[in-house]
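Below is the file model_11.cif, which contains mmCIF, N, CA, C and O atoms.
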data_final
loop_
_atom_site.label_atom_id
_atom_site.label_comp_id
_atom_site.auth_asym_id
_atom_site.auth_seq_id
_atom_site.Cartn_x
_atom_site.Cartn_y
_atom_site.Cartn_z
N MET A 235 44.17 -4.27 25.93
CA MET A 235 45.47 -4.77 25.53
C MET A 235 45.72 -4.43 24.07
O MET A 235 44.78 -4.33 23.29
N SER A 236 46.98 -4.28 23.75
CA SER A 236 47.37 -3.96 22.38
C SER A 236 48.75 -4.55 22.12
O SER A 236 49.49 -4.88 23.06
N THR A 237 49.09 -4.68 20.86
CA THR A 237 50.40 -5.22 20.49
C THR A 237 51.10 -4.28 19.53
O THR A 237 50.48 -3.47 18.84
N ALA A 238 52.41 -4.41 19.48
CA ALA A 238 53.25 -3.69 18.52
C ALA A 238 54.43 -4.59 18.19
O ALA A 238 54.86 -5.39 19.02
N MET A 239 54.93 -4.42 16.96
CA MET A 239 56.01 -5.27 16.49
C MET A 239 57.04 -4.41 15.74
O MET A 239 56.66 -3.44 15.08
N SER A 240 58.30 -4.77 15.88
CA SER A 240 59.34 -4.07 15.13
C SER A 240 59.14 -4.33 13.64
O SER A 240 58.46 -5.28 13.24
N ARG A 241 59.74 -3.48 12.82
CA ARG A 241 59.59 -3.63 11.37
C ARG A 241 60.04 -4.99 10.89
O ARG A 241 59.44 -5.58 10.01
N SER A 242 61.09 -5.51 11.48
CA SER A 242 61.61 -6.82 11.07
C SER A 242 60.79 -7.97 11.65
O SER A 242 60.94 -9.11 11.22
N GLY A 243 59.96 -7.67 12.65
CA GLY A 243 59.17 -8.70 13.30
C GLY A 243 59.94 -9.47 14.36
O GLY A 243 59.42 -10.40 14.95
N SER A 244 61.16 -9.07 14.62
CA SER A 244 62.00 -9.80 15.57
C SER A 244 61.73 -9.44 17.03
O SER A 244 62.17 -10.15 17.93
N ILE A 245 61.01 -8.35 17.26
CA ILE A 245 60.62 -7.96 18.62
C ILE A 245 59.14 -7.64 18.60
O ILE A 245 58.67 -6.91 17.72
N SER A 246 58.40 -8.20 19.53
CA SER A 246 56.98 -7.85 19.64
C SER A 246 56.62 -7.74 21.12
O SER A 246 57.23 -8.39 21.97
N VAL A 247 55.66 -6.88 21.39
CA VAL A 247 55.19 -6.68 22.76
C VAL A 247 53.67 -6.68 22.78
O VAL A 247 53.02 -6.30 21.81
N ARG A 248 53.12 -7.12 23.89
CA ARG A 248 51.69 -7.01 24.17
C ARG A 248 51.61 -6.25 25.48
O ARG A 248 52.27 -6.61 26.46
N THR A 249 50.81 -5.17 25.49
CA THR A 249 50.77 -4.29 26.66
C THR A 249 49.35 -4.03 27.12
O THR A 249 48.38 -4.31 26.42
N THR A 250 49.26 -3.43 28.31
CA THR A 250 47.99 -2.89 28.79
C THR A 250 47.74 -1.59 28.03
O THR A 250 48.59 -1.11 27.29
N GLU A 251 46.60 -0.99 28.28
CA GLU A 251 46.29 0.30 27.65
C GLU A 251 47.26 1.39 28.11
O GLU A 251 47.45 2.37 27.40
N GLN A 252 47.86 1.22 29.25
CA GLN A 252 48.81 2.20 29.76
C GLN A 252 50.23 1.95 29.25
O GLN A 252 51.14 2.71 29.55
N GLY A 253 50.44 0.89 28.52
CA GLY A 253 51.76 0.59 27.97
C GLY A 253 52.61 -0.33 28.83
O GLY A 253 53.78 -0.55 28.53
N LEU A 254 52.03 -0.89 29.88
CA LEU A 254 52.79 -1.82 30.71
C LEU A 254 52.88 -3.16 29.99
O LEU A 254 51.86 -3.71 29.56
N PRO A 255 54.08 -3.70 29.84
CA PRO A 255 54.23 -4.95 29.08
C PRO A 255 53.61 -6.15 29.78
O PRO A 255 53.78 -6.34 30.99
N LEU A 256 52.86 -6.92 29.02
CA LEU A 256 52.30 -8.18 29.50
C LEU A 256 53.08 -9.35 28.92
O LEU A 256 53.19 -10.39 29.55
N ALA A 257 53.58 -9.17 27.70
CA ALA A 257 54.38 -10.20 27.04
C ALA A 257 55.38 -9.53 26.11
O ALA A 257 55.05 -8.55 25.44
N VAL A 258 56.58 -10.05 26.10
CA VAL A 258 57.64 -9.55 25.22
C VAL A 258 58.25 -10.75 24.52
O VAL A 258 58.61 -11.74 25.16
N SER A 259 58.34 -10.66 23.20
CA SER A 259 58.97 -11.72 22.42
C SER A 259 60.16 -11.13 21.67
O SER A 259 60.02 -10.12 20.98
N VAL A 260 61.32 -11.76 21.85
CA VAL A 260 62.55 -11.27 21.23
C VAL A 260 63.23 -12.44 20.53
O VAL A 260 63.52 -13.46 21.16
N GLU A 261 63.48 -12.28 19.24
CA GLU A 261 64.18 -13.31 18.49
C GLU A 261 65.64 -13.37 18.95
O GLU A 261 66.21 -12.35 19.35
N PRO A 262 66.27 -14.54 18.88
CA PRO A 262 67.64 -14.69 19.37
C PRO A 262 68.65 -13.72 18.76
O PRO A 262 69.54 -13.24 19.47
N GLU A 263 68.51 -13.36 17.49
CA GLU A 263 69.49 -12.45 16.88
C GLU A 263 69.45 -11.06 17.52
O GLU A 263 70.46 -10.35 17.55
N GLU A 264 68.31 -10.68 18.06
CA GLU A 264 68.20 -9.37 18.72
C GLU A 264 68.96 -9.35 20.04
O GLU A 264 69.36 -8.29 20.51
N LEU A 265 69.17 -10.50 20.64
CA LEU A 265 69.87 -10.58 21.91
C LEU A 265 71.36 -10.27 21.77
O LEU A 265 72.05 -10.06 22.77
N ARG A 266 71.84 -10.20 20.55
CA ARG A 266 73.25 -9.85 20.31
C ARG A 266 73.46 -8.34 20.33
O ARG A 266 74.58 -7.87 20.35
N ARG A 267 72.39 -7.58 20.31
CA ARG A 267 72.47 -6.12 20.33
C ARG A 267 72.93 -5.62 21.71
O ARG A 267 72.87 -6.34 22.70
N ASP A 268 73.31 -4.38 21.72
CA ASP A 268 73.63 -3.71 22.98
C ASP A 268 72.38 -3.74 23.86
O ASP A 268 71.28 -3.42 23.39
N PRO A 269 72.49 -4.16 25.12
CA PRO A 269 71.32 -4.27 25.99
C PRO A 269 70.52 -2.96 26.12
O PRO A 269 69.29 -2.98 26.15
N ALA A 270 71.21 -1.83 26.17
CA ALA A 270 70.51 -0.55 26.29
C ALA A 270 69.70 -0.26 25.03
O ALA A 270 68.57 0.24 25.11
N GLU A 271 70.25 -0.59 23.88
CA GLU A 271 69.54 -0.39 22.61
C GLU A 271 68.31 -1.30 22.52
O GLU A 271 67.23 -0.86 22.10
N LEU A 272 68.47 -2.54 22.94
CA LEU A 272 67.34 -3.48 22.94
C LEU A 272 66.24 -3.00 23.88
O LEU A 272 65.06 -3.00 23.52
N ALA A 273 66.63 -2.55 25.06
CA ALA A 273 65.65 -2.04 26.02
C ALA A 273 64.93 -0.82 25.45
O ALA A 273 63.71 -0.68 25.60
N GLN A 274 65.67 0.04 24.79
CA GLN A 274 65.08 1.23 24.18
C GLN A 274 64.04 0.85 23.12
O GLN A 274 62.96 1.43 23.05
N ARG A 275 64.35 -0.15 22.33
CA ARG A 275 63.40 -0.62 21.31
C ARG A 275 62.14 -1.19 21.95
O ARG A 275 61.03 -0.95 21.48
N ILE A 276 62.32 -1.95 23.01
CA ILE A 276 61.16 -2.55 23.70
C ILE A 276 60.28 -1.47 24.30
O ILE A 276 59.05 -1.50 24.17
N VAL A 277 60.88 -0.48 24.95
CA VAL A 277 60.11 0.62 25.54
C VAL A 277 59.37 1.39 24.45
O VAL A 277 58.20 1.74 24.61
N ARG A 278 60.02 1.65 23.32
CA ARG A 278 59.38 2.35 22.21
C ARG A 278 58.17 1.57 21.70
O ARG A 278 57.11 2.13 21.43
N LEU A 279 58.30 0.25 21.59
CA LEU A 279 57.18 -0.58 21.14
C LEU A 279 56.05 -0.59 22.17
O LEU A 279 54.87 -0.62 21.80
N CYS A 280 56.39 -0.55 23.45
CA CYS A 280 55.35 -0.47 24.49
C CYS A 280 54.56 0.83 24.36
O CYS A 280 53.33 0.83 24.49
N LYS A 281 55.25 1.93 24.10
CA LYS A 281 54.57 3.21 23.91
C LYS A 281 53.68 3.17 22.67
O LYS A 281 52.56 3.67 22.69
N GLN A 282 54.18 2.55 21.63
CA GLN A 282 53.41 2.43 20.39
C GLN A 282 52.14 1.60 20.63
O GLN A 282 51.05 1.97 20.19
N ALA A 283 52.27 0.50 21.35
CA ALA A 283 51.11 -0.34 21.65
C ALA A 283 50.11 0.42 22.52
O ALA A 283 48.90 0.31 22.31
N ALA A 284 50.60 1.21 23.47
CA ALA A 284 49.71 2.00 24.32
C ALA A 284 48.95 3.03 23.50
O ALA A 284 47.75 3.23 23.70
N ASN A 285 49.62 3.67 22.56
CA ASN A 285 48.95 4.65 21.69
C ASN A 285 47.87 3.98 20.86
O ASN A 285 46.78 4.52 20.69
N ARG A 286 48.16 2.81 20.35
CA ARG A 286 47.18 2.07 19.56
C ARG A 286 45.99 1.65 20.41
O ARG A 286 44.85 1.68 19.97
N ALA A 287 46.25 1.26 21.65
CA ALA A 287 45.16 0.89 22.56
C ALA A 287 44.30 2.11 22.87
O ALA A 287 43.08 2.03 22.93
N GLY A 288 44.95 3.27 23.07
CA GLY A 288 44.21 4.50 23.31
C GLY A 288 43.35 4.88 22.13
O GLY A 288 42.22 5.36 22.29
N LEU A 289 43.88 4.66 20.94
CA LEU A 289 43.12 4.94 19.73
C LEU A 289 41.91 4.02 19.61
O LEU A 289 40.81 4.47 19.28
N ALA A 290 42.09 2.76 19.94
CA ALA A 290 40.98 1.80 19.92
C ALA A 290 39.92 2.20 20.95
O ALA A 290 38.71 2.13 20.68
N ARG A 291 40.36 2.65 22.14
CA ARG A 291 39.42 3.08 23.17
C ARG A 291 38.65 4.31 22.69
O ARG A 291 37.44 4.43 22.89
N ARG A 292 39.34 5.23 22.03
CA ARG A 292 38.69 6.43 21.48
C ARG A 292 37.58 6.02 20.51
O ARG A 292 36.47 6.55 20.56
N GLU A 293 37.89 5.08 19.63
CA GLU A 293 36.91 4.62 18.64
C GLU A 293 35.70 3.98 19.33
O GLU A 293 34.56 4.17 18.89
N GLN A 294 35.93 3.25 20.41
CA GLN A 294 34.83 2.65 21.17
C GLN A 294 33.93 3.73 21.77
O GLN A 294 32.71 3.62 21.75
N LEU A 295 34.56 4.77 22.31
CA LEU A 295 33.79 5.84 22.93
C LEU A 295 33.00 6.64 21.90
O LEU A 295 31.87 7.05 22.15
N VAL A 296 33.59 6.84 20.72
CA VAL A 296 32.87 7.52 19.64
C VAL A 296 31.66 6.69 19.23
O VAL A 296 30.55 7.22 19.07
N ALA A 297 31.86 5.38 19.09
CA ALA A 297 30.76 4.49 18.71
C ALA A 297 29.67 4.46 19.78
O ALA A 297 28.49 4.28 19.46
N ALA A 298 30.05 4.67 21.03
CA ALA A 298 29.07 4.69 22.12
C ALA A 298 28.34 6.02 22.22
O ALA A 298 27.43 6.17 23.03
N GLY A 299 28.76 7.00 21.42
CA GLY A 299 28.07 8.28 21.38
C GLY A 299 28.62 9.36 22.30
O GLY A 299 27.95 10.36 22.55
N LEU A 300 29.84 9.22 22.77
CA LEU A 300 30.44 10.25 23.63
C LEU A 300 30.61 11.53 22.82
O LEU A 300 31.08 11.49 21.68
N SER A 301 30.27 12.65 23.41
CA SER A 301 30.39 13.93 22.70
C SER A 301 31.85 14.28 22.47
O SER A 301 32.74 13.83 23.19
N SER A 302 32.09 15.13 21.48
CA SER A 302 33.47 15.51 21.15
C SER A 302 34.11 16.27 22.30
O SER A 302 35.32 16.17 22.53
N GLU A 303 33.32 17.05 23.05
CA GLU A 303 33.86 17.78 24.20
C GLU A 303 34.33 16.82 25.29
O GLU A 303 35.40 16.98 25.86
N MET A 304 33.51 15.81 25.56
CA MET A 304 33.89 14.82 26.57
C MET A 304 35.07 13.98 26.10
O MET A 304 35.95 13.64 26.87
N LEU A 305 35.06 13.67 24.82
CA LEU A 305 36.15 12.89 24.24
C LEU A 305 37.48 13.63 24.36
O LEU A 305 38.51 13.04 24.66
N ALA A 306 37.44 14.95 24.16
CA ALA A 306 38.65 15.76 24.28
C ALA A 306 39.20 15.71 25.70
O ALA A 306 40.43 15.75 25.90
N LEU A 307 38.33 15.60 26.68
CA LEU A 307 38.77 15.55 28.08
C LEU A 307 39.47 14.25 28.45
O LEU A 307 40.20 14.20 29.44
N THR A 308 39.25 13.20 27.66
CA THR A 308 39.87 11.91 27.99
C THR A 308 41.38 11.91 27.75
O THR A 308 42.09 11.13 28.35
N GLY A 309 41.83 12.77 26.84
CA GLY A 309 43.26 12.80 26.52
C GLY A 309 43.70 11.64 25.64
O GLY A 309 44.90 11.44 25.44
N LEU A 310 42.75 10.90 25.11
CA LEU A 310 43.09 9.78 24.24
C LEU A 310 43.63 10.30 22.91
O LEU A 310 43.17 11.34 22.43
N PRO A 311 44.58 9.60 22.32
CA PRO A 311 45.17 10.08 21.07
C PRO A 311 44.19 10.05 19.90
O PRO A 311 43.27 9.23 19.88
N LYS A 312 44.41 10.96 18.96
CA LYS A 312 43.63 11.00 17.73
C LYS A 312 44.38 10.18 16.68
O LYS A 312 45.60 10.00 16.77
N PRO A 313 43.66 9.68 15.67
CA PRO A 313 44.32 8.87 14.63
C PRO A 313 45.51 9.57 13.99
O PRO A 313 46.57 8.97 13.79
N GLU A 314 45.37 10.85 13.71
CA GLU A 314 46.47 11.58 13.06
C GLU A 314 47.67 11.73 14.00
O GLU A 314 48.82 11.74 13.55
N ASP A 315 47.42 11.82 15.31
CA ASP A 315 48.52 11.91 16.27
C ASP A 315 49.32 10.61 16.30
O ASP A 315 50.55 10.63 16.31
N VAL A 316 48.60 9.49 16.33
CA VAL A 316 49.27 8.19 16.37
C VAL A 316 50.05 7.95 15.07
O VAL A 316 51.20 7.53 15.10
N ALA A 317 49.45 8.27 13.94
CA ALA A 317 50.13 8.08 12.65
C ALA A 317 51.38 8.95 12.57
O ALA A 317 52.44 8.48 12.15
N ARG A 318 51.27 10.21 12.99
CA ARG A 318 52.41 11.12 12.94
C ARG A 318 53.55 10.62 13.83
O ARG A 318 54.71 10.63 13.44
N GLN A 319 53.20 10.16 15.03
CA GLN A 319 54.23 9.68 15.95
C GLN A 319 54.92 8.42 15.41
O GLN A 319 56.13 8.28 15.49
N GLU A 320 54.13 7.51 14.86
CA GLU A 320 54.73 6.28 14.33
C GLU A 320 55.63 6.57 13.13
O GLU A 320 56.69 5.96 13.00
N LEU A 321 55.23 7.50 12.28
CA LEU A 321 56.09 7.87 11.14
C LEU A 321 57.38 8.53 11.62
O LEU A 321 58.45 8.24 11.10
N ALA A 322 57.28 9.40 12.61
CA ALA A 322 58.46 10.07 13.14
C ALA A 322 59.43 9.07 13.76
O ALA A 322 60.64 9.13 13.55
N GLU A 323 58.89 8.11 14.51
CA GLU A 323 59.75 7.10 15.13
C GLU A 323 60.38 6.20 14.08
O GLU A 323 61.52 5.79 14.22
N GLU A 324 59.63 5.90 13.04
CA GLU A 324 60.16 5.06 11.98
C GLU A 324 61.34 5.74 11.30
O GLU A 324 62.34 5.10 11.00
N GLU A 325 61.24 7.04 11.08
CA GLU A 325 62.34 7.78 10.46
C GLU A 325 63.52 7.90 11.42
O GLU A 325 64.67 7.77 11.02
N GLU A 326 63.22 8.17 12.69
CA GLU A 326 64.28 8.37 13.68
C GLU A 326 65.01 7.08 14.02
O GLU A 326 66.20 7.06 14.25
N TYR A 327 64.27 5.98 14.09
CA TYR A 327 64.84 4.72 14.54
C TYR A 327 64.85 3.68 13.43
O TYR A 327 64.54 2.52 13.66
N ASP A 328 65.18 4.10 12.24
CA ASP A 328 65.25 3.16 11.12
C ASP A 328 66.26 2.08 11.47
O ASP A 328 67.32 2.35 12.02
N GLU A 329 65.92 0.85 11.18
CA GLU A 329 66.77 -0.28 11.57
C GLU A 329 67.87 -0.53 10.54
O GLU A 329 67.84 -1.48 9.78
N GLU A 330 68.84 0.35 10.52
CA GLU A 330 69.99 0.20 9.64
C GLU A 330 71.04 -0.65 10.35
O GLU A 330 71.07 -0.72 11.57
N PRO A 331 71.92 -1.28 9.59
CA PRO A 331 72.97 -2.07 10.23
C PRO A 331 73.87 -1.20 11.09
O PRO A 331 74.08 -0.03 10.79
N GLN A 332 74.37 -1.78 12.15
CA GLN A 332 75.28 -1.07 13.04
C GLN A 332 76.61 -0.76 12.36
O GLN A 332 77.25 0.21 12.65
N SER A 333 77.00 -1.62 11.44
CA SER A 333 78.26 -1.44 10.75
C SER A 333 78.13 -2.03 9.36
O SER A 333 77.34 -2.93 9.13
N TRP A 334 78.91 -1.49 8.44
CA TRP A 334 78.89 -2.04 7.08
C TRP A 334 79.78 -3.29 7.00
O TRP A 334 79.74 -4.02 6.04
N LEU A 335 80.55 -3.49 8.04
CA LEU A 335 81.40 -4.69 8.08
C LEU A 335 80.56 -5.84 8.59
O LEU A 335 79.72 -5.69 9.46
N ARG A 336 80.77 -7.00 8.05
CA ARG A 336 80.03 -8.15 8.54
C ARG A 336 81.02 -9.17 9.09
O ARG A 336 82.16 -9.26 8.67
N SER A 337 80.58 -9.94 10.05
CA SER A 337 81.48 -10.94 10.64
C SER A 337 81.56 -12.14 9.69
O SER A 337 80.61 -12.50 9.01
N VAL A 338 82.73 -12.72 9.63
CA VAL A 338 82.95 -13.90 8.79
C VAL A 338 83.37 -15.08 9.61
O VAL A 338 83.81 -15.03 10.67
#
What's the structure tokens form of this structure?
Amino acid sequence: MSTAMSRSGSISVRTTEQGLPLAVSVEPEELRRDPAELAQRIVRLCKQAANRAGLARREQLVAAGLSSEMLALTGLPKPEDVARQELAEEEEYDEEPQSWLRSV
């Protein structure tokens, strides 16, 4: 199992190693968003949690002495792959306001 949280902390997920959600926590203000956008954020966090779980599994296998050739066959992500993906998603999905206008 692994977890991931939005930058604001208003959405968090706990998933299996495959990214299937076990628990989803959404703050009430997030429920005002477009449902498709909210779903997209949740799915993205599930993928992020799955990548982190894969990375943790890789570290366990390295500690257990699995050879690099066998490790390559597992298809588990490398630390640099996970870091690169998270940085790319952070840039692509920066949580900017939907509008500069605010409700009064």
Check which residues satisfy the PyMOL selection byres ((chain A and resi 237) around 5) in the file shown, then give them as a list in words.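 That selection, the PyMOL selection byres ((chain A and resi 237) around 5), comes back as Met235, Ser236, Ala238, Met239, Val247, Arg248, Thr249 and Ala283 of chain A.
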Can you pull out every residue within 8 Å of Gly243 of chain A, counting all atoms listed in the file, but drop anything in the same chain fewer than 5 positions away, and send it as a ChimeraX atom specification? /A:238,259-261
Got a sec to resolve the PyMOL selection byres (((chain A and resi 320 and name CA) around 12) and name CA) on this structure and send the residues as a ChimeraX atom specification? /A:238-241,278-279,281-286,313-319,321-328
Which parts of chain A does DSSP call strand (DSSP E or B) when run on the backbone here, written out as number ranges by chain? A: 236-239, 245-249, 255-260
Mind the document's chain letters and residue numbers, and return as a VMD selection string the residues of segment 272-330 of chain A that DSSP labels alpha helix (DSSP H). chain A and resid 272 to 297 302 to 308 313 to 326
Report as a list of chain:residue names all protein, DNA and RNA residues lying within 12 Å of Glu263 of chain A, evaluated on only C-alpha atoms, omitting residues in the same chain fewer than 5 positions from it. A:Ser242, A:Gly243, A:Ser244, A:Ile245, A:Asp268, A:Leu272
In Å, how far is it from atom C of Ile276 of chain A to atom O of Gly253 of chain A? 7.8 Å
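Computed from the coordinates, the atom O of Glu251 of chain A to atom C of Gln274 of chain A distance equals 17.2 Å.
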Straight-line distance linking atom CA of Glu271 of chain A with atom CA of Ala257 of chain A, stated in Å to one decimal: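 Distance reported for this atom pair: 18.6 Å.
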Restricting to all atoms listed in the file, whichever of A:Arg267, A:Pro255, A:Pro311, A:Ala306 is closest to Glu293 of chain A is A:Pro311
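Shortest atom-to-atom contact with Lys312 of chain A among A:Leu289, A:Leu265, A:Cys280, A:Val296: A:Leu289, counting all atoms listed in the file.
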Considering all atoms listed in the file, state which residue in the set A:Pro269, A:Leu310, A:Thr250, A:Glu264 is at the smallest distance from Arg291 of chain A.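 Among the listed residues, the smallest separation from Arg291 of chain A belongs to A:Leu310.
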Since the input lacks some atoms of segment 317-327 of chain A, please model all heavy atoms and print them as a PDB file, in the coordinates of the input.
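Wrote selection-v3.pdb, looks like this:
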ATOM      1  N   ALA A 317      49.450   8.270  13.940  1.00  0.00           N
ATOM      2  CA  ALA A 317      50.130   8.080  12.650  1.00  0.00           C
ATOM      3  C   ALA A 317      51.380   8.950  12.570  1.00  0.00           C
ATOM      4  O   ALA A 317      52.440   8.480  12.150  1.00  0.00           O
ATOM      5  CB  ALA A 317      49.175   8.416  11.512  1.00  0.00           C
ATOM      6  N   ARG A 318      51.270  10.210  12.990  1.00  0.00           N
ATOM      7  CA  ARG A 318      52.410  11.120  12.940  1.00  0.00           C
ATOM      8  C   ARG A 318      53.550  10.620  13.830  1.00  0.00           C
ATOM      9  O   ARG A 318      54.710  10.630  13.440  1.00  0.00           O
ATOM     10  CB  ARG A 318      51.961  12.526  13.341  1.00  0.00           C
ATOM     11  CG  ARG A 318      53.033  13.574  13.231  1.00  0.00           C
ATOM     12  CD  ARG A 318      52.566  15.004  13.513  1.00  0.00           C
ATOM     13  NE  ARG A 318      51.559  15.135  14.551  1.00  0.00           N
ATOM     14  CZ  ARG A 318      50.270  15.426  14.323  1.00  0.00           C
ATOM     15  NH1 ARG A 318      49.839  15.595  13.105  1.00  0.00           N
ATOM     16  NH2 ARG A 318      49.421  15.543  15.328  1.00  0.00           N
ATOM     17  N   GLN A 319      53.200  10.160  15.030  1.00  0.00           N
ATOM     18  CA  GLN A 319      54.230   9.680  15.950  1.00  0.00           C
ATOM     19  C   GLN A 319      54.920   8.420  15.410  1.00  0.00           C
ATOM     20  O   GLN A 319      56.130   8.280  15.490  1.00  0.00           O
ATOM     21  CB  GLN A 319      53.634   9.396  17.320  1.00  0.00           C
ATOM     22  CG  GLN A 319      54.681   8.950  18.320  1.00  0.00           C
ATOM     23  CD  GLN A 319      54.105   8.713  19.699  1.00  0.00           C
ATOM     24  OE1 GLN A 319      52.902   8.812  19.919  1.00  0.00           O
ATOM     25  NE2 GLN A 319      54.965   8.402  20.648  1.00  0.00           N
ATOM     26  N   GLU A 320      54.130   7.510  14.860  1.00  0.00           N
ATOM     27  CA  GLU A 320      54.730   6.280  14.330  1.00  0.00           C
ATOM     28  C   GLU A 320      55.630   6.570  13.130  1.00  0.00           C
ATOM     29  O   GLU A 320      56.690   5.960  13.000  1.00  0.00           O
ATOM     30  CB  GLU A 320      53.634   5.271  13.974  1.00  0.00           C
ATOM     31  CG  GLU A 320      53.018   4.655  15.215  1.00  0.00           C
ATOM     32  CD  GLU A 320      52.064   3.516  14.918  1.00  0.00           C
ATOM     33  OE1 GLU A 320      52.056   3.000  13.785  1.00  0.00           O
ATOM     34  OE2 GLU A 320      51.318   3.126  15.846  1.00  0.00           O
ATOM     35  N   LEU A 321      55.230   7.500  12.280  1.00  0.00           N
ATOM     36  CA  LEU A 321      56.090   7.870  11.140  1.00  0.00           C
ATOM     37  C   LEU A 321      57.380   8.530  11.620  1.00  0.00           C
ATOM     38  O   LEU A 321      58.450   8.240  11.100  1.00  0.00           O
ATOM     39  CB  LEU A 321      55.345   8.806  10.191  1.00  0.00           C
ATOM     40  CG  LEU A 321      54.326   8.148   9.285  1.00  0.00           C
ATOM     41  CD1 LEU A 321      53.540   9.203   8.517  1.00  0.00           C
ATOM     42  CD2 LEU A 321      54.992   7.180   8.332  1.00  0.00           C
ATOM     43  N   ALA A 322      57.280   9.400  12.610  1.00  0.00           N
ATOM     44  CA  ALA A 322      58.460  10.070  13.140  1.00  0.00           C
ATOM     45  C   ALA A 322      59.430   9.070  13.760  1.00  0.00           C
ATOM     46  O   ALA A 322      60.640   9.130  13.550  1.00  0.00           O
ATOM     47  CB  ALA A 322      58.054  11.123  14.172  1.00  0.00           C
ATOM     48  N   GLU A 323      58.890   8.110  14.510  1.00  0.00           N
ATOM     49  CA  GLU A 323      59.750   7.100  15.130  1.00  0.00           C
ATOM     50  C   GLU A 323      60.380   6.200  14.080  1.00  0.00           C
ATOM     51  O   GLU A 323      61.520   5.790  14.220  1.00  0.00           O
ATOM     52  CB  GLU A 323      58.954   6.284  16.141  1.00  0.00           C
ATOM     53  CG  GLU A 323      58.657   7.035  17.404  1.00  0.00           C
ATOM     54  CD  GLU A 323      57.865   6.226  18.403  1.00  0.00           C
ATOM     55  OE1 GLU A 323      57.481   5.082  18.090  1.00  0.00           O
ATOM     56  OE2 GLU A 323      57.647   6.748  19.503  1.00  0.00           O
ATOM     57  N   GLU A 324      59.630   5.900  13.040  1.00  0.00           N
ATOM     58  CA  GLU A 324      60.160   5.060  11.980  1.00  0.00           C
ATOM     59  C   GLU A 324      61.340   5.740  11.300  1.00  0.00           C
ATOM     60  O   GLU A 324      62.340   5.100  11.000  1.00  0.00           O
ATOM     61  CB  GLU A 324      59.053   4.793  10.956  1.00  0.00           C
ATOM     62  CG  GLU A 324      59.318   3.600  10.079  1.00  0.00           C
ATOM     63  CD  GLU A 324      58.099   3.268   9.246  1.00  0.00           C
ATOM     64  OE1 GLU A 324      57.112   2.765   9.794  1.00  0.00           O
ATOM     65  OE2 GLU A 324      58.173   3.532   8.028  1.00  0.00           O
ATOM     66  N   GLU A 325      61.240   7.040  11.080  1.00  0.00           N
ATOM     67  CA  GLU A 325      62.340   7.780  10.460  1.00  0.00           C
ATOM     68  C   GLU A 325      63.520   7.900  11.420  1.00  0.00           C
ATOM     69  O   GLU A 325      64.670   7.770  11.020  1.00  0.00           O
ATOM     70  CB  GLU A 325      61.870   9.165  10.045  1.00  0.00           C
ATOM     71  CG  GLU A 325      60.937   9.148   8.860  1.00  0.00           C
ATOM     72  CD  GLU A 325      60.403  10.515   8.515  1.00  0.00           C
ATOM     73  OE1 GLU A 325      60.868  11.519   9.104  1.00  0.00           O
ATOM     74  OE2 GLU A 325      59.518  10.592   7.653  1.00  0.00           O
ATOM     75  N   GLU A 326      63.220   8.170  12.690  1.00  0.00           N
ATOM     76  CA  GLU A 326      64.280   8.370  13.680  1.00  0.00           C
ATOM     77  C   GLU A 326      65.010   7.080  14.020  1.00  0.00           C
ATOM     78  O   GLU A 326      66.200   7.060  14.250  1.00  0.00           O
ATOM     79  CB  GLU A 326      63.693   8.981  14.942  1.00  0.00           C
ATOM     80  CG  GLU A 326      64.735   9.332  15.965  1.00  0.00           C
ATOM     81  CD  GLU A 326      64.136  10.008  17.194  1.00  0.00           C
ATOM     82  OE1 GLU A 326      62.984  10.471  17.137  1.00  0.00           O
ATOM     83  OE2 GLU A 326      64.840  10.057  18.210  1.00  0.00           O
ATOM     84  N   TYR A 327      64.270   5.980  14.090  1.00  0.00           N
ATOM     85  CA  TYR A 327      64.840   4.720  14.540  1.00  0.00           C
ATOM     86  C   TYR A 327      64.850   3.680  13.430  1.00  0.00           C
ATOM     87  O   TYR A 327      64.540   2.520  13.660  1.00  0.00           O
ATOM     88  CB  TYR A 327      64.069   4.177  15.740  1.00  0.00           C
ATOM     89  CG  TYR A 327      64.150   5.078  16.933  1.00  0.00           C
ATOM     90  CD1 TYR A 327      63.082   5.909  17.275  1.00  0.00           C
ATOM     91  CD2 TYR A 327      65.290   5.121  17.719  1.00  0.00           C
ATOM     92  CE1 TYR A 327      63.159   6.748  18.369  1.00  0.00           C
ATOM     93  CE2 TYR A 327      65.369   5.948  18.815  1.00  0.00           C
ATOM     94  CZ  TYR A 327      64.293   6.759  19.132  1.00  0.00           C
ATOM     95  OH  TYR A 327      64.367   7.584  20.212  1.00  0.00           O
TER      96      TYR A 327
END
